[in-house]
file run_31.cif (mmCIF, C-alpha atoms)
data_protein
#
loop_
_atom_site.group_PDB
_atom_site.id
_atom_site.type_symbol
_atom_site.label_atom_id
_atom_site.label_comp_id
_atom_site.auth_asym_id
_atom_site.auth_seq_id
_atom_site.Cartn_x
_atom_site.Cartn_y
_atom_site.Cartn_z
ATOM 1 C CA PHE M 1 18.702 23.585 -14.774
ATOM 2 C CA LEU M 2 20.986 20.921 -16.276
ATOM 3 C CA LEU M 3 24.022 22.985 -15.220
ATOM 4 C CA ILE M 4 23.023 22.771 -11.562
ATOM 5 C CA PRO M 5 24.484 19.697 -9.751
ATOM 6 C CA THR M 6 21.042 18.606 -8.526
ATOM 7 C CA ARG M 7 22.166 15.031 -7.860
ATOM 8 C CA SER M 8 24.888 16.161 -5.463
ATOM 9 C CA PHE M 9 22.620 18.733 -3.834
ATOM 10 C CA SER M 10 19.941 16.060 -3.379
ATOM 11 C CA ARG M 11 22.413 13.725 -1.649
ATOM 12 C CA ILE M 12 23.490 16.532 0.672
ATOM 13 C CA TRP M 13 19.882 17.458 1.378
ATOM 14 C CA GLY M 14 19.086 13.828 2.085
ATOM 15 C CA ALA M 15 21.923 13.642 4.618
ATOM 16 C CA VAL M 16 20.688 16.816 6.337
ATOM 17 C CA MET M 17 17.141 15.479 6.538
ATOM 18 C CA GLU M 18 18.387 12.336 8.299
ATOM 19 C CA VAL M 19 20.059 14.317 11.108
ATOM 20 C CA GLU M 20 18.407 13.530 14.437
ATOM 21 C CA ILE M 21 16.494 16.481 15.897
ATOM 22 C CA HIS M 22 16.685 17.174 19.625
ATOM 23 C CA PRO M 23 13.346 16.242 21.256
ATOM 24 C CA TRP M 24 12.814 19.848 22.421
ATOM 25 C CA LEU M 25 13.102 21.130 18.825
ATOM 26 C CA ARG M 26 10.941 18.518 17.113
ATOM 27 C CA LEU M 27 7.578 20.131 17.753
ATOM 28 C CA PRO M 28 8.512 23.639 16.471
ATOM 29 C CA LEU M 29 10.592 22.441 13.491
ATOM 30 C CA LEU M 30 8.399 19.577 12.337
ATOM 31 C CA GLY M 31 5.310 21.612 13.169
ATOM 32 C CA LEU M 32 6.499 24.355 10.827
ATOM 33 C CA TYR M 33 6.975 21.808 8.046
ATOM 34 C CA LYS M 34 3.508 20.416 8.742
ATOM 35 C CA VAL M 35 1.931 23.866 8.395
ATOM 36 C CA ILE M 36 3.879 24.898 5.283
ATOM 37 C CA PHE M 37 3.163 21.721 3.317
ATOM 38 C CA GLY M 38 -0.210 20.810 4.787
ATOM 39 C CA CYS M 39 0.617 17.418 6.291
ATOM 40 C CA ASN M 40 -2.482 15.688 7.663
ATOM 41 C CA MET M 41 -1.128 13.998 10.779
ATOM 42 C CA GLU M 42 -4.594 12.757 11.750
ATOM 43 C CA GLU M 43 -4.210 10.161 8.996
ATOM 44 C CA ALA M 44 -0.728 9.079 10.092
ATOM 45 C CA GLU M 45 -0.008 5.858 11.929
ATOM 46 C CA ILE M 46 1.942 7.981 14.432
ATOM 47 C CA LYS M 47 0.210 11.330 14.972
ATOM 48 C CA GLU M 48 2.540 12.896 17.541
ATOM 49 C CA LEU M 49 5.311 14.967 15.911
ATOM 50 C CA ARG M 50 7.641 14.430 18.860
ATOM 51 C CA GLU M 51 7.819 10.734 17.911
ATOM 52 C CA TYR M 52 9.620 11.548 14.649
ATOM 53 C CA SER M 53 13.360 11.816 15.238
ATOM 54 C CA SER M 54 14.146 13.582 11.928
ATOM 55 C CA PHE M 55 12.562 15.229 8.917
ATOM 56 C CA GLN M 56 13.242 12.021 7.017
ATOM 57 C CA LYS M 57 11.170 9.990 9.455
ATOM 58 C CA LEU M 58 8.315 12.436 8.970
ATOM 59 C CA PHE M 59 8.598 12.130 5.191
ATOM 60 C CA GLU M 60 8.420 8.339 5.479
ATOM 61 C CA ARG M 61 5.418 8.304 7.790
ATOM 62 C CA LYS M 62 2.854 5.568 7.220
ATOM 63 C CA LEU M 63 -0.884 6.001 7.071
ATOM 64 C CA ARG M 64 -3.175 4.493 9.689
ATOM 65 C CA GLU M 65 -4.583 1.132 8.714
ATOM 66 C CA GLY M 66 -7.976 1.551 7.076
ATOM 67 C CA VAL M 67 -7.617 5.302 6.433
ATOM 68 C CA ARG M 68 -7.612 4.661 2.657
ATOM 69 C CA GLU M 69 -10.285 2.494 1.047
ATOM 70 C CA ILE M 70 -9.289 0.669 -2.146
ATOM 71 C CA ASP M 71 -12.054 0.931 -4.758
ATOM 72 C CA THR M 72 -13.126 -2.443 -6.152
ATOM 73 C CA THR M 73 -15.562 -1.324 -8.857
ATOM 74 C CA HIS M 74 -13.029 0.372 -11.171
ATOM 75 C CA HIS M 75 -10.212 -1.298 -13.091
ATOM 76 C CA LEU M 76 -7.606 1.356 -12.242
ATOM 77 C CA VAL M 77 -7.187 3.261 -8.971
ATOM 78 C CA SER M 78 -4.762 5.854 -7.662
ATOM 79 C CA PRO M 79 -1.387 4.465 -6.534
ATOM 80 C CA ALA M 80 -0.666 7.446 -4.282
ATOM 81 C CA ASP M 81 -1.926 10.644 -2.697
ATOM 82 C CA GLY M 82 -1.253 13.448 -5.157
ATOM 83 C CA LYS M 83 -2.466 15.711 -7.946
ATOM 84 C CA ILE M 84 -3.465 14.660 -11.470
ATOM 85 C CA LEU M 85 -1.030 16.405 -13.845
ATOM 86 C CA HIS M 86 -2.141 14.763 -17.075
ATOM 87 C CA PHE M 87 -3.905 11.735 -18.517
ATOM 88 C CA GLY M 88 -5.228 10.409 -21.810
ATOM 89 C CA PRO M 89 -4.407 8.221 -24.814
ATOM 90 C CA ILE M 90 -0.899 7.990 -26.261
ATOM 91 C CA CYS M 91 -0.540 8.779 -29.954
ATOM 92 C CA GLU M 92 2.442 8.348 -32.266
ATOM 93 C CA ASN M 93 4.717 7.193 -29.449
ATOM 94 C CA THR M 94 4.633 10.631 -27.802
ATOM 95 C CA VAL M 95 3.278 11.425 -24.348
ATOM 96 C CA GLU M 96 2.003 14.745 -22.998
ATOM 97 C CA GLN M 97 3.504 15.442 -19.562
ATOM 98 C CA VAL M 98 1.133 18.426 -19.386
ATOM 99 C CA LYS M 99 -1.002 20.011 -22.101
ATOM 100 C CA GLY M 100 1.209 21.061 -25.008
ATOM 101 C CA VAL M 101 4.483 19.720 -23.524
ATOM 102 C CA HIS M 102 5.627 16.292 -24.708
ATOM 103 C CA TYR M 103 8.247 13.589 -24.248
ATOM 104 C CA SER M 104 9.180 10.418 -26.090
ATOM 105 C CA LEU M 105 7.684 7.181 -24.807
ATOM 106 C CA ASP M 106 10.777 5.259 -25.946
ATOM 107 C CA ALA M 107 13.074 7.674 -24.111
ATOM 108 C CA PHE M 108 11.043 7.321 -20.928
ATOM 109 C CA LEU M 109 10.716 3.516 -20.860
ATOM 110 C CA GLY M 110 13.937 2.555 -22.613
ATOM 111 C CA PRO M 111 14.157 -0.055 -25.384
ATOM 112 C CA GLY M 112 12.062 -3.194 -25.698
ATOM 113 C CA ILE M 113 9.311 -2.665 -23.144
ATOM 114 C CA LEU M 114 6.605 -1.609 -25.589
ATOM 115 C CA ASN M 115 6.392 -5.022 -27.266
ATOM 116 C CA ASN M 116 6.253 -7.029 -24.043
ATOM 117 C CA ASP M 117 3.918 -9.962 -24.748
ATOM 118 C CA SER M 118 3.752 -11.277 -21.176
ATOM 119 C CA GLU M 119 6.975 -13.257 -21.431
ATOM 120 C CA PRO M 120 9.903 -11.426 -19.798
ATOM 121 C CA GLU M 121 12.379 -12.491 -22.498
ATOM 122 C CA SER M 122 10.568 -10.291 -25.020
ATOM 123 C CA ILE M 123 11.373 -7.168 -23.013
ATOM 124 C CA ASN M 124 14.910 -7.217 -24.427
ATOM 125 C CA SER M 125 13.659 -6.903 -28.026
ATOM 126 C CA ASN M 126 14.887 -3.935 -30.028
ATOM 127 C CA LEU M 127 13.388 -0.463 -30.053
ATOM 128 C CA GLU M 128 12.104 -0.511 -33.638
ATOM 129 C CA GLU M 129 10.003 -3.584 -32.946
ATOM 130 C CA GLY M 130 8.495 -1.843 -29.914
ATOM 131 C CA VAL M 131 7.415 1.128 -32.013
ATOM 132 C CA SER M 132 5.784 -1.101 -34.646
ATOM 133 C CA GLU M 133 3.834 -2.872 -31.919
ATOM 134 C CA THR M 134 2.231 0.389 -30.763
ATOM 135 C CA LYS M 135 1.055 1.083 -34.318
ATOM 136 C CA LYS M 136 -0.640 -2.327 -34.423
ATOM 137 C CA LEU M 137 -2.728 -1.675 -31.327
ATOM 138 C CA GLU M 138 -5.463 0.233 -33.112
ATOM 139 C CA ALA M 139 -6.274 -2.816 -35.276
ATOM 140 C CA THR M 140 -6.715 -4.940 -32.137
ATOM 141 C CA GLY M 141 -9.254 -2.584 -30.556
ATOM 142 C CA ARG M 142 -6.797 -1.546 -27.861
ATOM 143 C CA GLN M 143 -5.010 1.707 -27.034
ATOM 144 C CA LEU M 144 -2.084 2.921 -24.963
ATOM 145 C CA TYR M 145 -3.009 5.321 -22.152
ATOM 146 C CA HIS M 146 -1.097 7.258 -19.525
ATOM 147 C CA VAL M 147 -1.650 8.996 -16.192
ATOM 148 C CA VAL M 148 0.769 11.355 -14.413
ATOM 149 C CA LEU M 149 0.456 12.051 -10.674
ATOM 150 C CA TYR M 150 2.485 14.622 -8.736
ATOM 151 C CA LEU M 151 3.220 13.965 -5.054
ATOM 152 C CA SER M 152 3.854 17.159 -3.105
ATOM 153 C CA PRO M 153 6.216 17.313 -0.084
ATOM 154 C CA GLY M 154 3.204 17.201 2.248
ATOM 155 C CA ASP M 155 1.685 14.035 0.763
ATOM 156 C CA CYS M 156 2.204 10.511 2.016
ATOM 157 C CA HIS M 157 5.259 9.300 0.065
ATOM 158 C CA HIS M 158 4.355 5.599 -0.043
ATOM 159 C CA PHE M 159 2.924 4.271 -3.301
ATOM 160 C CA TYR M 160 0.842 1.204 -4.046
ATOM 161 C CA SER M 161 -0.362 -1.043 -6.852
ATOM 162 C CA PRO M 162 -3.096 0.692 -8.904
ATOM 163 C CA ALA M 163 -4.422 -2.523 -10.466
ATOM 164 C CA ASN M 164 -4.298 -6.298 -10.441
ATOM 165 C CA TRP M 165 -1.257 -7.118 -12.572
ATOM 166 C CA THR M 166 2.005 -9.065 -12.827
ATOM 167 C CA ALA M 167 5.388 -7.301 -12.874
ATOM 168 C CA TYR M 168 8.138 -9.119 -14.771
ATOM 169 C CA LEU M 169 10.884 -6.513 -14.959
ATOM 170 C CA SER M 170 12.405 -3.800 -12.777
ATOM 171 C CA ARG M 171 14.385 -1.251 -14.818
ATOM 172 C CA HIS M 172 16.502 1.485 -13.238
ATOM 173 C CA LEU M 173 17.334 4.412 -15.543
ATOM 174 C CA PRO M 174 19.853 6.855 -14.002
ATOM 175 C CA GLY M 175 19.270 10.512 -14.832
ATOM 176 C CA GLU M 176 18.988 14.045 -13.566
ATOM 177 C CA LEU M 177 17.086 15.047 -10.441
ATOM 178 C CA LEU M 178 15.232 18.134 -11.634
ATOM 179 C CA THR M 179 12.164 19.420 -9.872
ATOM 180 C CA VAL M 180 8.911 17.834 -11.085
ATOM 181 C CA ALA M 181 6.673 20.514 -9.585
ATOM 182 C CA PRO M 182 3.732 21.389 -11.872
ATOM 183 C CA TRP M 183 5.365 24.646 -13.033
ATOM 184 C CA ALA M 184 8.439 22.698 -14.209
ATOM 185 C CA ALA M 185 6.341 20.083 -16.016
ATOM 186 C CA ARG M 186 4.651 22.922 -17.907
ATOM 187 C CA THR M 187 7.917 24.523 -19.046
ATOM 188 C CA MET M 188 10.487 21.711 -19.504
ATOM 189 C CA PRO M 189 9.805 19.313 -22.414
ATOM 190 C CA GLY M 190 11.031 15.773 -21.769
ATOM 191 C CA LEU M 191 11.319 16.319 -18.023
ATOM 192 C CA PHE M 192 10.197 12.826 -17.007
ATOM 193 C CA ALA M 193 12.528 11.202 -19.557
ATOM 194 C CA LEU M 194 15.475 13.237 -18.204
ATOM 195 C CA ASN M 195 15.026 12.420 -14.522
ATOM 196 C CA GLU M 196 16.188 9.284 -12.755
ATOM 197 C CA ARG M 197 13.419 6.710 -12.563
ATOM 198 C CA VAL M 198 12.512 3.116 -11.860
ATOM 199 C CA ILE M 199 10.133 1.363 -14.254
ATOM 200 C CA LEU M 200 8.224 -1.767 -13.274
ATOM 201 C CA SER M 201 6.976 -3.470 -16.424
ATOM 202 C CA GLY M 202 4.547 -6.335 -16.856
ATOM 203 C CA ASN M 203 1.006 -7.174 -17.862
ATOM 204 C CA TRP M 204 -2.560 -6.971 -16.700
ATOM 205 C CA GLU M 205 -5.571 -8.647 -18.258
ATOM 206 C CA HIS M 206 -5.740 -5.996 -20.999
ATOM 207 C CA GLY M 207 -2.094 -6.044 -22.126
ATOM 208 C CA LEU M 208 1.021 -4.061 -21.219
ATOM 209 C CA PHE M 209 1.156 -2.355 -17.825
ATOM 210 C CA THR M 210 4.033 -0.189 -16.565
ATOM 211 C CA PHE M 211 4.529 1.713 -13.325
ATOM 212 C CA GLY M 212 7.095 4.538 -13.391
ATOM 213 C CA ALA M 213 8.461 6.060 -10.177
ATOM 214 C CA VAL M 214 10.225 9.289 -11.201
ATOM 215 C CA GLY M 215 12.811 10.909 -8.955
ATOM 216 C CA ALA M 216 13.102 14.658 -8.455
ATOM 217 C CA TYR M 217 15.207 17.383 -6.876
ATOM 218 C CA ASN M 218 15.742 16.618 -3.173
ATOM 219 C CA VAL M 219 14.425 13.079 -3.716
ATOM 220 C CA GLY M 220 17.602 11.250 -2.733
ATOM 221 C CA SER M 221 16.222 7.775 -3.181
ATOM 222 C CA ILE M 222 13.422 5.634 -4.536
ATOM 223 C CA ALA M 223 12.900 2.402 -2.627
ATOM 224 C CA ILE M 224 11.089 -0.437 -4.425
ATOM 225 C CA THR M 225 9.607 -3.316 -2.436
ATOM 226 C CA LEU M 226 9.955 -5.767 -5.341
ATOM 227 C CA ASP M 227 13.587 -4.879 -6.072
ATOM 228 C CA LYS M 228 15.610 -4.044 -2.996
ATOM 229 C CA GLU M 229 18.802 -3.955 -5.088
ATOM 230 C CA VAL M 230 17.814 -0.665 -6.724
ATOM 231 C CA LYS M 231 20.092 2.138 -5.511
ATOM 232 C CA THR M 232 19.193 5.549 -6.899
ATOM 233 C CA ASN M 233 21.163 8.819 -6.923
ATOM 234 C CA GLN M 234 24.551 7.155 -6.494
ATOM 235 C CA LYS M 235 27.803 9.124 -6.681
ATOM 236 C CA GLY M 236 29.633 9.341 -9.985
ATOM 237 C CA ARG M 237 28.717 10.093 -13.564
ATOM 238 C CA PHE M 238 25.991 8.364 -15.509
ATOM 239 C CA LYS M 239 25.378 7.890 -19.212
ATOM 240 C CA TYR M 240 22.100 9.113 -20.703
ATOM 241 C CA GLY M 241 20.162 6.187 -22.070
ATOM 242 C CA SER M 242 21.827 3.620 -19.813
ATOM 243 C CA TYR M 243 19.667 1.292 -17.745
ATOM 244 C CA TYR M 244 19.883 -1.714 -15.442
ATOM 245 C CA ASP M 245 17.365 -4.551 -15.663
ATOM 246 C CA LYS M 246 16.342 -7.180 -13.172
ATOM 247 C CA PHE M 247 13.814 -9.911 -13.948
ATOM 248 C CA LEU M 248 11.383 -10.480 -11.124
ATOM 249 C CA HIS M 249 10.165 -13.796 -9.741
ATOM 250 C CA GLN M 250 8.104 -15.163 -6.909
ATOM 251 C CA VAL M 251 9.924 -15.103 -3.568
ATOM 252 C CA GLU M 252 8.559 -18.533 -2.659
ATOM 253 C CA ASN M 253 9.613 -20.089 -5.977
ATOM 254 C CA ILE M 254 12.278 -18.464 -8.158
ATOM 255 C CA GLU M 255 11.224 -20.695 -11.058
ATOM 256 C CA VAL M 256 7.944 -18.774 -11.299
ATOM 257 C CA LYS M 257 8.459 -15.657 -13.426
ATOM 258 C CA GLY M 258 6.876 -12.392 -12.371
ATOM 259 C CA VAL M 259 5.348 -11.044 -9.190
ATOM 260 C CA CYS M 260 1.560 -10.896 -8.981
ATOM 261 C CA MET M 261 0.189 -7.744 -7.356
ATOM 262 C CA ARG M 262 -3.292 -6.811 -6.257
ATOM 263 C CA LYS M 263 -4.765 -3.331 -5.927
ATOM 264 C CA GLY M 264 -3.385 -1.689 -2.804
ATOM 265 C CA ASP M 265 -0.234 -3.821 -2.477
ATOM 266 C CA HIS M 266 2.732 -1.735 -1.343
ATOM 267 C CA ILE M 267 5.227 -1.001 -4.136
ATOM 268 C CA GLY M 268 7.652 1.534 -2.685
ATOM 269 C CA ILE M 269 8.402 4.942 -1.209
ATOM 270 C CA PHE M 270 9.872 8.299 -2.279
ATOM 271 C CA ASN M 271 11.869 10.726 -0.190
ATOM 272 C CA MET M 272 10.143 14.137 -0.482
ATOM 273 C CA GLY M 273 7.694 14.773 -3.338
ATOM 274 C CA SER M 274 7.935 13.269 -6.804
ATOM 275 C CA SER M 275 5.844 11.830 -9.659
ATOM 276 C CA ILE M 276 4.321 8.559 -10.811
ATOM 277 C CA VAL M 277 3.686 7.796 -14.472
ATOM 278 C CA LEU M 278 1.379 4.903 -15.401
ATOM 279 C CA ILE M 279 1.494 3.689 -19.011
ATOM 280 C CA PHE M 280 -0.851 0.873 -19.896
ATOM 281 C CA GLU M 281 -2.756 -0.888 -22.618
ATOM 282 C CA ALA M 282 -6.558 -1.105 -22.468
ATOM 283 C CA PRO M 283 -9.579 -1.507 -24.750
ATOM 284 C CA LYS M 284 -10.839 1.632 -26.458
ATOM 285 C CA GLU M 285 -13.823 1.445 -24.114
ATOM 286 C CA PHE M 286 -11.551 2.514 -21.242
ATOM 287 C CA GLU M 287 -12.866 5.690 -19.630
ATOM 288 C CA PHE M 288 -11.075 8.033 -17.210
ATOM 289 C CA VAL M 289 -13.083 9.261 -14.230
ATOM 290 C CA ILE M 290 -10.577 11.908 -13.052
ATOM 291 C CA LYS M 291 -10.033 15.617 -13.709
ATOM 292 C CA LEU M 292 -6.874 17.613 -14.375
ATOM 293 C CA ASP M 293 -5.248 19.308 -11.372
ATOM 294 C CA HIS M 294 -7.616 17.575 -8.941
ATOM 295 C CA LYS M 295 -6.268 15.981 -5.793
ATOM 296 C CA ILE M 296 -6.648 12.233 -5.506
ATOM 297 C CA LYS M 297 -5.967 9.746 -2.732
ATOM 298 C CA ILE M 298 -4.677 6.187 -2.631
ATOM 299 C CA GLY M 299 -7.302 3.735 -3.857
ATOM 300 C CA GLN M 300 -9.674 6.275 -5.387
ATOM 301 C CA PRO M 301 -10.932 5.531 -8.941
ATOM 302 C CA ILE M 302 -8.911 6.565 -12.009
ATOM 303 C CA GLY M 303 -10.603 4.644 -14.804
ATOM 304 C CA ILE M 304 -13.003 1.908 -15.821
ATOM 305 C CA ILE M 305 -13.682 -0.225 -18.895
ATOM 306 C CA ARG M 306 -17.333 0.220 -19.804
#

call {"tool": "encode", "arguments": {"input": "run_31.cif", "output": "structure tokens"}}
result
Amino acid sequence: FLLIPTRSFSRIWGAVMEVEIHPWLRLPLLGLYKVIFGCNMEEAEIKELREYSSFQKLFERKLREGVREIDTTHHLVSPADGKILHFGPICENTVEQVKGVHYSLDAFLGPGILNNDSEPESINSNLEEGVSETKKLEATGRQLYHVVLYLSPGDCHHFYSPANWTAYLSRHLPGELLTVAPWAARTMPGLFALNERVILSGNWEHGLFTFGAVGAYNVGSIAITLDKEVKTNQKGRFKYGSYYDKFLHQVENIEVKGVCMRKGDHIGIFNMGSSIVLIFEAPKEFEFVIKLDHKIKIGQPIGIIR
């Protein structure tokens, strides 16, 4: 897969998807896509397929207001419509992308994020310190957890805040654009750490909280509401392990560090399907209320602290 120029192919595919479709062809072409991928247009803000001028516009469709209810009784809710690929505690700095297939937490997040202590300056600390911090968690009664969601091409591609938290850092890590379909996650170790991604890092009331938007084949771009400067899948070579950081602040007052988000606040949008990886700190009393391979919708419960 690494020998295939997936980044170039994804840019070409993105350009094709933006081509305007003649009004007479919209219903048959977009209708075929709707049937193949199971798009629920009854939930869309604009139901009529003829109103979408291109495949890209259909991908970016918004949901009708009120069609998703944000749960208020659980601490963590789903940030998107998708399928649960994996979830659970993180041990020894290694994450399961699916059962039996792992990747490095440090490789996925990049250096310094693990020992974030709510002040953005600490995010630039070195990697070894971050690893030692994870080993100290057990003594504090807390644990690192993760959740992986897969968004299929037929799902709504907008994603939202899964909790009440504050984001201090936006980190863009260039990478490959390999497919993140469930079959690939089961067979390609380190897939999520190989692909291009944007990590939002910060804190919630229980410690570290990170939101990872992972690109994929045919996903030409990831747009982030909090960081409009992020430009993914750009032309040219990239260096594995490189990353670009931007510290976030309140729009109304740049002196105030971090952006406070509430459950259900809009975070960004993918083009086509992709994946979201949540990595967060919580007390050992945290309990997941989801099941593997089950479909989940925006705002539905993921976990609660008993």

call {"tool": "closest_residue", "arguments": {"input": "run_31.cif", "among": "M:Ser170, M:Asn271, M:Thr73, M:Ser152", "to": "Tyr244 in chain M", "atoms": "all atoms listed in the file"}}
result
M:Ser170

call {"tool": "atom_distance", "arguments": {"input": "run_31.cif", "atom1": "CA of Tyr52 in chain M", "atom2": "CA of Ala216 in chain M"}}
result
23.6 Å

call {"tool": "residues_around", "arguments": {"input": "run_31.cif", "residues": "Glu60 in chain M", "least_positions_apart": "6", "cutoff": "8 Å", "atoms": "only C-alpha atoms", "output": "ChimeraX atom specification"}}
result
/M:156-158,269-271

call {"tool": "closest_residue", "arguments": {"input": "run_31.cif", "among": "M:Leu169, M:Ala163, M:Ile276, M:Leu292", "to": "Met261 in chain M", "atoms": "all atoms listed in the file"}}
result
M:Ala163

call {"tool": "closest_residue", "arguments": {"input": "run_31.cif", "among": "M:Lys231, M:Lys291, M:Lys62, M:Arg171", "to": "Pro111 in chain M", "atoms": "all atoms listed in the file"}}
result
M:Arg171

call {"tool": "resolve_selection", "arguments": {"input": "run_31.cif", "expression": "the PyMOL selection byres ((chain M and resi 198-207) around 6)", "output": "PyMOL selection string"}}
result
chain M and resi 118+165-172+197+208-213+281-282

call {"tool": "residues_around", "arguments": {"input": "run_31.cif", "residues": "range 26-40 of chain M", "least_positions_apart": "6", "cutoff": "6 Å", "atoms": "only C-alpha atoms", "output": "list in words"}}
result
Leu49, Arg50 and Gly154 of chain M

call {"tool": "closest_residue", "arguments": {"input": "run_31.cif", "among": "M:Asn195, M:Thr225, M:Ser242, M:Ser78", "to": "Tyr103 in chain M", "atoms": "only C-alpha atoms"}}
result
M:Asn195

call {"tool": "closest_residue", "arguments": {"input": "run_31.cif", "among": "M:Leu63, M:Cys260, M:Ile113, M:Ala193", "to": "Lys297 in chain M", "atoms": "only C-alpha atoms"}}
result
M:Leu63

call {"tool": "atom_distance", "arguments": {"input": "run_31.cif", "atom1": "CA of His74 in chain M", "atom2": "CA of Phe192 in chain M"}}
result
27.0 Å
